[in-house]
Amino acid sequence: MSSGTVNKDSLVRDLKAIGLQQGDLLHLKVSMRSVGKLEGGADELLDAILETVGEEGTIVSDAFINVFPLPLSEEHQQIIADDKTLSYAGAFANAMIKHPKMERSKHPIQKFAAIGKQALNLCENHTPESGGYDLLDAMAQMDAKNLTIGGDVVGVGTTHVAIDHLNFKRKEMNTGALYRDQDGEVKLAKTNWNGGCGRGFPKFYPLYREKGGMLAEGKIGNADSVLTSMKKTLAIEIAKLQQEPRFFFCDDPACYSCQISWEHSPKNYLSFGWAWLRKNSKNLSLSRFKNLYRVLMKRA
Ligand SMILES: [Zn+2]
């Protein structure tokens, strides 16, 4: 982009240039801040993507909702999720949720938003009994593409799926949220998937490039973006993690998720505790200490 002006027409050009086509099945991870200023905000990017994939295409975004510690506090018992509940996943996810043709996956909390030909089918098969990332697994089997827009967005959609495939175990997260089921009954959904830190996921990028998972790299607006084959990145991740199960961990020695929470985490409590203290030494408080204590006591 020479002028720096980003609008729907320039976005459509960028999307075509990176390789998006009519009829594509596409998973999206988007940082609106990286794209640049758009008069129409996230709706303008959404319109550009829908125009590019056309009537035969389908787009899917993470559109997860907040979960809370269990047992739920009185305040959190007032929050009851449904298909229109907004997501913490950002402005683009919420633009999709508000779109009149949006379908929302039927998983009560790990919800995706989808628009297009396959949207209803994908969403109806992601049920309360499904794993959190099963919808992305289904998309990989259907040879979907992933478009990650913005260098500050981590991952290409399949790494959590690979982790689930390999059956890595993590301390159960005691969180959940209330939702209204199809009969209107209010029920509790507990977090039933691993999730975890994604800051190590960009380590896979050189492997995607080397082994054919990376379809294209370029700019969407001002954002560094990658287009990947979900089937291929999933296969690459599974193969790598079979050899080296810790490969997806981030490099932060104070990261509880990577250093402690998995069965195959290093679990070096002394070095973790020390790193945590160094990281938090500028703004230590009693509540932070209590947090660390809680975290470390989970070891039992
Ligand atoms: Zn981490």
# chains A, B, ... in the order shown; residues from 1 in each chain; ligands from 1
$ residues_near_ligand --ligand "ligand 1" --cutoff "8 Å" --atoms "only C-alpha atoms and all ligand atoms" --output "PyMOL selection string"
chain A and resi 196-200+249-252+255-259
$ residues_around --residues "Arg33 of chain A" --least-positions-apart "3" --cutoff "9 Å" --atoms "only C-alpha atoms" --output "list in words"
Val30, Gly36, Lys37, Gly150 and Ala223 of chain A
$ residues_around --residues "segment 74-91 of chain A" --least-positions-apart "4" --cutoff "7 Å" --atoms "only C-alpha atoms" --output "JSON, numbers by chain"
{"A": [32, 42, 62, 63, 64, 65, 66, 95, 97, 104, 178, 179, 180]}
$ atom_distance --atom1 "atom CA of Trp193 of chain A" --atom2 "atom CA of Val67 of chain A"
12.5 Å
$ select_by_dssp --residues "segment 157-224 of chain A" --states "helix (DSSP H, G or I)" --output "NGL selection string"
:A and (159-165 or 201-211)
$ write_last_selection --atoms "C-alpha atoms" --output "PDB file, in the first residue's frame"
ATOM      1  CA  THR A 159      -2.254 -25.816  17.117  1.00  0.00           C
ATOM      2  CA  HIS A 160      -4.828 -26.322  19.881  1.00  0.00           C
ATOM      3  CA  VAL A 161      -6.376 -29.040  17.694  1.00  0.00           C
ATOM      4  CA  ALA A 162      -2.986 -30.769  17.404  1.00  0.00           C
ATOM      5  CA  ILE A 163      -2.517 -30.581  21.187  1.00  0.00           C
ATOM      6  CA  ASP A 164      -5.931 -32.234  21.671  1.00  0.00           C
ATOM      7  CA  HIS A 165      -5.090 -34.937  19.095  1.00  0.00           C
ATOM      8  CA  PHE A 201       2.786 -20.978  18.522  1.00  0.00           C
ATOM      9  CA  PRO A 202       4.712 -18.698  16.096  1.00  0.00           C
ATOM     10  CA  LYS A 203       7.680 -21.093  16.509  1.00  0.00           C
ATOM     11  CA  PHE A 204       5.879 -23.356  14.031  1.00  0.00           C
ATOM     12  CA  TYR A 205       6.026 -20.772  11.211  1.00  0.00           C
ATOM     13  CA  PRO A 206       9.415 -21.871   9.795  1.00  0.00           C
ATOM     14  CA  LEU A 207       8.096 -25.457   9.700  1.00  0.00           C
ATOM     15  CA  TYR A 208       4.940 -24.379   7.851  1.00  0.00           C
ATOM     16  CA  ARG A 209       7.162 -22.637   5.276  1.00  0.00           C
ATOM     17  CA  GLU A 210       9.495 -25.586   4.938  1.00  0.00           C
ATOM     18  CA  LYS A 211       6.811 -28.268   4.691  1.00  0.00           C
TER      19      LYS A 211
END
